[in-house]
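Chemist: What follows is the file model_19.pdb, containing PDB, C-alpha atoms:
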ATOM      1  CA  MET A1147       0.000   0.000   0.000
ATOM      2  CA  ASP A1148       1.223   3.514  -0.811
ATOM      3  CA  GLN A1149       2.917   5.193   2.200
ATOM      4  CA  LYS A1150       0.871   8.382   1.813
ATOM      5  CA  LEU A1151      -2.285   6.301   1.974
ATOM      6  CA  VAL A1152      -1.021   4.419   5.047
ATOM      7  CA  ARG A1153      -0.325   7.685   6.891
ATOM      8  CA  ALA A1154      -3.590   9.329   5.877
ATOM      9  CA  LEU A1155      -5.593   6.218   6.745
ATOM     10  CA  SER A1156      -3.895   5.873  10.129
ATOM     11  CA  SER A1157      -4.657   9.504  10.976
ATOM     12  CA  PHE A1158      -8.247   9.146   9.765
ATOM     13  CA  ILE A1159      -8.806   6.046  11.920
ATOM     14  CA  THR A1160      -7.351   7.796  14.974
ATOM     15  CA  ARG A1161      -9.533  10.867  14.435
ATOM     16  CA  SER A1162     -12.622   8.734  13.852
ATOM     17  CA  GLY A1163     -12.111   7.250  17.321
ATOM     18  CA  ASP A1164     -11.725  10.750  18.766
ATOM     19  CA  TYR A1165     -14.902  11.833  16.973
ATOM     20  CA  SER A1166     -16.827   8.874  18.406
ATOM     21  CA  LEU A1167     -15.826   9.861  21.944
ATOM     22  CA  ALA A1168     -16.611  13.538  21.348
ATOM     23  CA  ARG A1169     -19.961  12.576  19.812
ATOM     24  CA  LEU A1170     -20.847  10.458  22.851
ATOM     25  CA  GLU A1171     -19.859  13.178  25.310
ATOM     26  CA  PHE A1172     -21.759  15.884  23.413
ATOM     27  CA  ALA A1173     -24.902  13.714  23.187
ATOM     28  CA  SER A1174     -24.787  12.833  26.887
ATOM     29  CA  GLN A1175     -24.336  16.494  27.896
ATOM     30  CA  ASN A1176     -27.011  17.766  25.492
ATOM     31  CA  PRO A1177     -29.869  15.228  25.521
ATOM     32  CA  GLN A1178     -32.305  17.916  24.354
ATOM     33  CA  LEU A1179     -30.450  18.219  21.033
ATOM     34  CA  PRO A1180     -30.262  15.721  18.194
ATOM     35  CA  ALA A1181     -27.237  13.450  18.444
ATOM     36  CA  PRO A1182     -24.415  14.153  16.006
ATOM     37  CA  PRO A1183     -24.300  11.818  12.996
ATOM     38  CA  ILE A1184     -22.593   8.457  13.280
ATOM     39  CA  LEU A1185     -19.392   7.673  11.383
ATOM     40  CA  ASP A1186     -18.849   4.031  10.465
ATOM     41  CA  ARG A1187     -15.610   2.471  11.625
ATOM     42  CA  LEU A1188     -13.476   0.646   9.134
ATOM     43  CA  PRO A1189     -13.160  -3.051  10.071
ATOM     44  CA  ASP A1190      -9.508  -3.029   8.966
ATOM     45  CA  ALA A1191      -6.904  -0.650   7.626
ATOM     46  CA  SER A1192      -6.675  -2.054   4.127
ATOM     47  CA  GLU A1193      -6.829  -0.103   0.894
ATOM     48  CA  ARG A1194      -9.460  -2.485  -0.448
ATOM     49  CA  THR A1195     -11.805  -1.900   2.488
ATOM     50  CA  LEU A1196     -11.259   1.841   2.263
ATOM     51  CA  ARG A1197     -12.065   1.926  -1.449
ATOM     52  CA  GLU A1198     -15.173  -0.235  -0.914
ATOM     53  CA  ARG A1199     -16.529   1.933   1.889
ATOM     54  CA  TRP A1200     -15.256   5.368   0.960
ATOM     55  CA  GLY A1201     -18.448   6.621  -0.704
ATOM     56  CA  ARG A1202     -20.495   5.941   2.430
ATOM     57  CA  LEU A1203     -17.827   7.475   4.673
ATOM     58  CA  GLU A1204     -17.766  10.639   2.550
ATOM     59  CA  ARG A1205     -21.549  10.991   2.849
ATOM     60  CA  GLN A1206     -21.291  10.543   6.608
ATOM     61  CA  LEU A1207     -18.532  13.166   6.794
ATOM     62  CA  ASP A1208     -20.756  15.575   4.863
ATOM     63  CA  ALA A1209     -23.583  14.951   7.344
ATOM     64  CA  ILE A1210     -21.223  15.531  10.269
ATOM     65  CA  MET A1211     -19.979  18.842   8.870
ATOM     66  CA  THR A1212     -23.556  19.937   8.132
ATOM     67  CA  PHE A1213     -24.486  19.155  11.743
ATOM     68  CA  ILE A1214     -21.543  21.224  13.030
ATOM     69  CA  GLN A1215     -22.447  24.168  10.790
ATOM     70  CA  GLU A1216     -26.124  24.045  11.737
ATOM     71  CA  TYR A1217     -25.437  23.905  15.461
ATOM     72  CA  ASP A1218     -22.888  26.707  15.385
ATOM     73  CA  ASP A1219     -23.720  30.209  14.262
ATOM     74  CA  ALA A1220     -21.498  32.619  12.382
ATOM     75  CA  GLU A1221     -20.202  34.321  15.535
ATOM     76  CA  GLY A1222     -19.850  31.185  17.657
ATOM     77  CA  ARG A1223     -22.363  32.408  20.246
ATOM     78  CA  LYS A1224     -24.072  29.055  20.587
ATOM     79  CA  VAL A1225     -20.900  27.222  21.506
ATOM     80  CA  ASN A1226     -18.991  29.634  23.735
ATOM     81  CA  GLY A1227     -20.066  27.872  26.920
ATOM     82  CA  ASP A1228     -20.191  24.334  25.574
ATOM     83  CA  ALA A1229     -16.822  22.596  25.821
ATOM     84  CA  THR A1230     -18.313  19.354  24.513
ATOM     85  CA  PHE A1231     -19.350  21.065  21.287
ATOM     86  CA  ARG A1232     -15.946  22.698  20.866
ATOM     87  CA  TRP A1233     -14.312  19.265  21.178
ATOM     88  CA  LEU A1234     -16.859  17.756  18.782
ATOM     89  CA  ALA A1235     -16.336  20.543  16.244
ATOM     90  CA  ARG A1236     -12.549  20.339  16.480
ATOM     91  CA  THR A1237     -12.477  16.562  15.984
ATOM     92  CA  ALA A1238     -15.018  16.802  13.138
ATOM     93  CA  LYS A1239     -12.938  19.434  11.346
ATOM     94  CA  GLU A1240      -9.766  17.391  11.772
ATOM     95  CA  LEU A1241     -11.591  14.310  10.532
ATOM     96  CA  ASP A1242     -12.831  16.258   7.530
ATOM     97  CA  GLN A1243      -9.271  17.380   6.734
ATOM     98  CA  TYR A1244      -7.966  13.819   6.914
ATOM     99  CA  GLY A1245     -10.919  12.696   4.803
ATOM    100  CA  ARG A1246      -9.953  15.232   2.125
ATOM    101  CA  ALA A1247      -6.368  13.991   2.258
ATOM    102  CA  LEU A1248      -7.576  10.416   1.850
ATOM    103  CA  ARG A1249      -9.719  11.389  -1.125
ATOM    104  CA  TRP A1250      -6.712  13.041  -2.757
ATOM    105  CA  VAL A1251      -4.448  10.030  -2.137
ATOM    106  CA  LEU A1252      -7.115   7.612  -3.390
ATOM    107  CA  THR A1253      -7.568   9.667  -6.528
ATOM    108  CA  VAL A1254      -3.834   9.958  -7.206
ATOM    109  CA  THR A1255      -3.116   6.273  -6.563
ATOM    110  CA  GLU A1256      -6.056   5.286  -8.734
ATOM    111  CA  ARG A1257      -4.714   7.356 -11.641
ATOM    112  CA  ASP A1258      -1.177   6.034 -11.165
ATOM    113  CA  SER A1259      -2.286   2.390 -11.223
ATOM    114  CA  PRO A1260      -1.629   0.536 -14.483
TER     115      PRO A1260
END
Output the structure of this file as structure tokens.
Modeler:
Amino acid sequence: MDQKLVRALSSFITRSGDYSLARLEFASQNPQLPAPPILDRLPDASERTLRERWGRLERQLDAIMTFIQEYDDAEGRKVNGDATFRWLARTAKELDQYGRALRWVLTVTERDSP
């Protein structure tokens, strides 16, 4: 497997675990609000599994980022006093960045394949 893909996938898996914990904490502290969207976990760290499941993961990432944007407002007033949301938003944004990196690596390695 390409080393860039290994690094990006490792970071993505780590951040997905962080997101799951942040999601759980936010939901338990804010039961009156809808729970943040779920992100599937990859059963293994293989390129094949990633390619098979990437479309679904991208849709879930989009739903997560939409949730973050809808809960927050432009000036951040809704989240100033909510540490659980700040953690959730930070992990979601990091996860989104790693997801974009994965998409780039998948695209490049797909084009470079014979």
Chemist: Name the residues that the PyMOL selection byres ((chain A and resi 1187) around 10) pulls out of this structure, and write them as a CSV table (one decimal) with C-alpha atoms, keeping the file's coordinate frame.
Modeler:
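Saved result, result24.csv, follows:
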chain,number,residue,atom,x,y,z
A,1159,ILE,CA,-8.8,6.0,11.9
A,1162,SER,CA,-12.6,8.7,13.9
A,1163,GLY,CA,-12.1,7.2,17.3
A,1166,SER,CA,-16.8,8.9,18.4
A,1184,ILE,CA,-22.6,8.5,13.3
A,1185,LEU,CA,-19.4,7.7,11.4
A,1186,ASP,CA,-18.8,4.0,10.5
A,1188,LEU,CA,-13.5,0.6,9.1
A,1189,PRO,CA,-13.2,-3.1,10.1
A,1190,ASP,CA,-9.5,-3.0,9.0
A,1199,ARG,CA,-16.5,1.9,1.9
A,1203,LEU,CA,-17.8,7.5,4.7
Chemist: With all atoms listed in the file as the basis for distance, which of A:Gln1149, A:Thr1160, A:Ser1174, A:Thr1212 is at the shortest distance from A:Ala1235?
Modeler: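 Ranked by minimum distance to A:Ala1235, first place goes to A:Thr1212.
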Chemist: For A:Leu1234, which residue among A:Leu1167, A:Leu1207, A:Ala1191, A:Ala1247 is the nearest when counting all atoms listed in the file?
Modeler: A:Leu1167
Chemist: So that I can see what lies close to stretch 1153-1155 of chain A, please list as a PyMOL selection string the residues with an atom at most 12 Å from it, counting all atoms listed in the file and leaving out residues fewer than 4 positions away in the same chain.
Modeler: chain A and resi 1147-1149+1159-1162+1187-1188+1190-1197+1200+1240-1252
Chemist: Would you please work out which residue, of A:Thr1255, A:Ser1157, A:Phe1231, A:Asp1164, is nearest to A:Asp1218 when using all atoms listed in the file?
Modeler: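 For A:Asp1218, the nearest of the candidates is A:Phe1231.
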Chemist: Would you pick out the contacts of A:Arg1169 at 8 Å or less, using all atoms listed in the file, so that residues sharing its chain but fewer than 3 positions from it are not included, and give the list as a PyMOL selection string?
Modeler: chain A and resi 1165-1166+1172-1173+1181-1182+1234
Chemist: Restricting the calculation to only C-alpha atoms, which member of A:Ala1238, A:Met1211, A:Glu1216, A:Trp1233 is positioned closest to A:Leu1179?
Modeler: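 Looking at the shortest contact to A:Leu1179, the residue is A:Glu1216.
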Chemist: Enter the distance from atom CA of A:Arg1232 to atom CA of A:Ser1156, in Å, rounded to one decimal.
Modeler: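 These two atoms are separated by 23.3 Å.
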Chemist: Which value, in Å to one decimal, gives the distance between atom CA of A:Val1152 and atom CA of A:Glu1204?
Modeler: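 Atom-to-atom, atom CA of A:Val1152 and atom CA of A:Glu1204 are spaced 18.0 Å apart.
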Chemist: Provide the atom CA of A:Asp1208 to atom CA of A:Leu1170 distance in Å, to one decimal place.
Modeler: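 About the pair atom CA of A:Asp1208 and atom CA of A:Leu1170: they are 18.7 Å apart.
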Chemist: Assuming the input is short of atoms at stretch 1147-1158 of chain A, produce all heavy atoms for that part as an mmCIF file, in the frame of the given file.
Modeler:
data_model
loop_
_atom_site.group_PDB
_atom_site.id
_atom_site.type_symbol
_atom_site.label_atom_id
_atom_site.label_comp_id
_atom_site.auth_asym_id
_atom_site.auth_seq_id
_atom_site.Cartn_x
_atom_site.Cartn_y
_atom_site.Cartn_z
ATOM 1 N N MET A 1147 0.852 -1.176 0.000
ATOM 2 C CA MET A 1147 0.000 0.000 0.000
ATOM 3 C C MET A 1147 0.896 1.237 0.000
ATOM 4 O O MET A 1147 1.928 1.257 0.660
ATOM 5 C CB MET A 1147 -0.920 -0.019 1.225
ATOM 6 C CG MET A 1147 -1.957 1.048 1.199
ATOM 7 S SD MET A 1147 -3.251 1.133 2.500
ATOM 8 C CE MET A 1147 -3.104 -0.241 3.531
ATOM 9 N N ASP A 1148 0.500 2.254 -0.714
ATOM 10 C CA ASP A 1148 1.223 3.514 -0.811
ATOM 11 C C ASP A 1148 1.412 4.128 0.584
ATOM 12 O O ASP A 1148 0.479 4.149 1.396
ATOM 13 C CB ASP A 1148 0.419 4.470 -1.712
ATOM 14 C CG ASP A 1148 1.123 5.780 -1.907
ATOM 15 O OD1 ASP A 1148 2.009 5.828 -2.776
ATOM 16 O OD2 ASP A 1148 0.780 6.734 -1.181
ATOM 17 N N GLN A 1149 2.612 4.637 0.876
ATOM 18 C CA GLN A 1149 2.917 5.193 2.200
ATOM 19 C C GLN A 1149 2.065 6.414 2.540
ATOM 20 O O GLN A 1149 1.699 6.611 3.698
ATOM 21 C CB GLN A 1149 4.408 5.530 2.301
ATOM 22 C CG GLN A 1149 5.288 4.306 2.417
ATOM 23 C CD GLN A 1149 4.909 3.442 3.610
ATOM 24 O OE1 GLN A 1149 4.740 3.924 4.730
ATOM 25 N NE2 GLN A 1149 4.747 2.154 3.375
ATOM 26 N N LYS A 1150 1.743 7.229 1.549
ATOM 27 C CA LYS A 1150 0.871 8.382 1.813
ATOM 28 C C LYS A 1150 -0.502 7.901 2.260
ATOM 29 O O LYS A 1150 -1.111 8.474 3.163
ATOM 30 C CB LYS A 1150 0.735 9.244 0.565
ATOM 31 C CG LYS A 1150 1.981 9.965 0.176
ATOM 32 C CD LYS A 1150 1.756 10.728 -1.106
ATOM 33 C CE LYS A 1150 3.083 11.070 -1.715
ATOM 34 N NZ LYS A 1150 3.090 11.050 -3.141
ATOM 35 N N LEU A 1151 -0.979 6.851 1.618
ATOM 36 C CA LEU A 1151 -2.285 6.301 1.974
ATOM 37 C C LEU A 1151 -2.249 5.693 3.376
ATOM 38 O O LEU A 1151 -3.182 5.877 4.160
ATOM 39 C CB LEU A 1151 -2.720 5.258 0.939
ATOM 40 C CG LEU A 1151 -4.107 4.661 1.126
ATOM 41 C CD1 LEU A 1151 -5.180 5.754 1.124
ATOM 42 C CD2 LEU A 1151 -4.391 3.640 0.026
ATOM 43 N N VAL A 1152 -1.162 5.010 3.710
ATOM 44 C CA VAL A 1152 -1.021 4.419 5.047
ATOM 45 C C VAL A 1152 -1.086 5.506 6.113
ATOM 46 O O VAL A 1152 -1.812 5.386 7.101
ATOM 47 C CB VAL A 1152 0.305 3.622 5.167
ATOM 48 C CG1 VAL A 1152 0.592 3.237 6.606
ATOM 49 C CG2 VAL A 1152 0.277 2.396 4.275
ATOM 50 N N ARG A 1153 -0.339 6.596 5.897
ATOM 51 C CA ARG A 1153 -0.325 7.685 6.891
ATOM 52 C C ARG A 1153 -1.687 8.369 6.998
ATOM 53 O O ARG A 1153 -2.180 8.636 8.097
ATOM 54 C CB ARG A 1153 0.766 8.696 6.546
ATOM 55 C CG ARG A 1153 2.174 8.208 6.855
ATOM 56 C CD ARG A 1153 3.192 9.325 6.760
ATOM 57 N NE ARG A 1153 3.274 9.932 5.438
ATOM 58 C CZ ARG A 1153 4.018 9.470 4.437
ATOM 59 N NH1 ARG A 1153 4.751 8.402 4.604
ATOM 60 N NH2 ARG A 1153 4.050 10.098 3.275
ATOM 61 N N ALA A 1154 -2.285 8.663 5.862
ATOM 62 C CA ALA A 1154 -3.590 9.329 5.877
ATOM 63 C C ALA A 1154 -4.651 8.426 6.509
ATOM 64 O O ALA A 1154 -5.480 8.893 7.299
ATOM 65 C CB ALA A 1154 -4.003 9.722 4.459
ATOM 66 N N LEU A 1155 -4.614 7.150 6.191
ATOM 67 C CA LEU A 1155 -5.593 6.218 6.745
ATOM 68 C C LEU A 1155 -5.409 6.059 8.249
ATOM 69 O O LEU A 1155 -6.388 6.053 9.007
ATOM 70 C CB LEU A 1155 -5.489 4.864 6.042
ATOM 71 C CG LEU A 1155 -6.487 3.791 6.456
ATOM 72 C CD1 LEU A 1155 -7.919 4.288 6.331
ATOM 73 C CD2 LEU A 1155 -6.280 2.535 5.616
ATOM 74 N N SER A 1156 -4.172 5.983 8.693
ATOM 75 C CA SER A 1156 -3.895 5.873 10.129
ATOM 76 C C SER A 1156 -4.423 7.098 10.875
ATOM 77 O O SER A 1156 -5.071 6.975 11.927
ATOM 78 C CB SER A 1156 -2.391 5.730 10.345
ATOM 79 O OG SER A 1156 -2.078 5.766 11.704
ATOM 80 N N SER A 1157 -4.169 8.271 10.347
ATOM 81 C CA SER A 1157 -4.657 9.504 10.976
ATOM 82 C C SER A 1157 -6.178 9.553 10.967
ATOM 83 O O SER A 1157 -6.803 9.971 11.957
ATOM 84 C CB SER A 1157 -4.088 10.721 10.255
ATOM 85 O OG SER A 1157 -2.698 10.750 10.378
ATOM 86 N N PHE A 1158 -6.787 9.148 9.874
ATOM 87 C CA PHE A 1158 -8.247 9.146 9.765
ATOM 88 C C PHE A 1158 -8.862 8.204 10.800
ATOM 89 O O PHE A 1158 -9.838 8.561 11.466
ATOM 90 C CB PHE A 1158 -8.668 8.739 8.358
ATOM 91 C CG PHE A 1158 -10.156 8.783 8.135
ATOM 92 C CD1 PHE A 1158 -10.785 9.974 7.846
ATOM 93 C CD2 PHE A 1158 -10.918 7.629 8.225
ATOM 94 C CE1 PHE A 1158 -12.160 10.025 7.653
ATOM 95 C CE2 PHE A 1158 -12.293 7.666 8.036
ATOM 96 C CZ PHE A 1158 -12.914 8.873 7.749
#
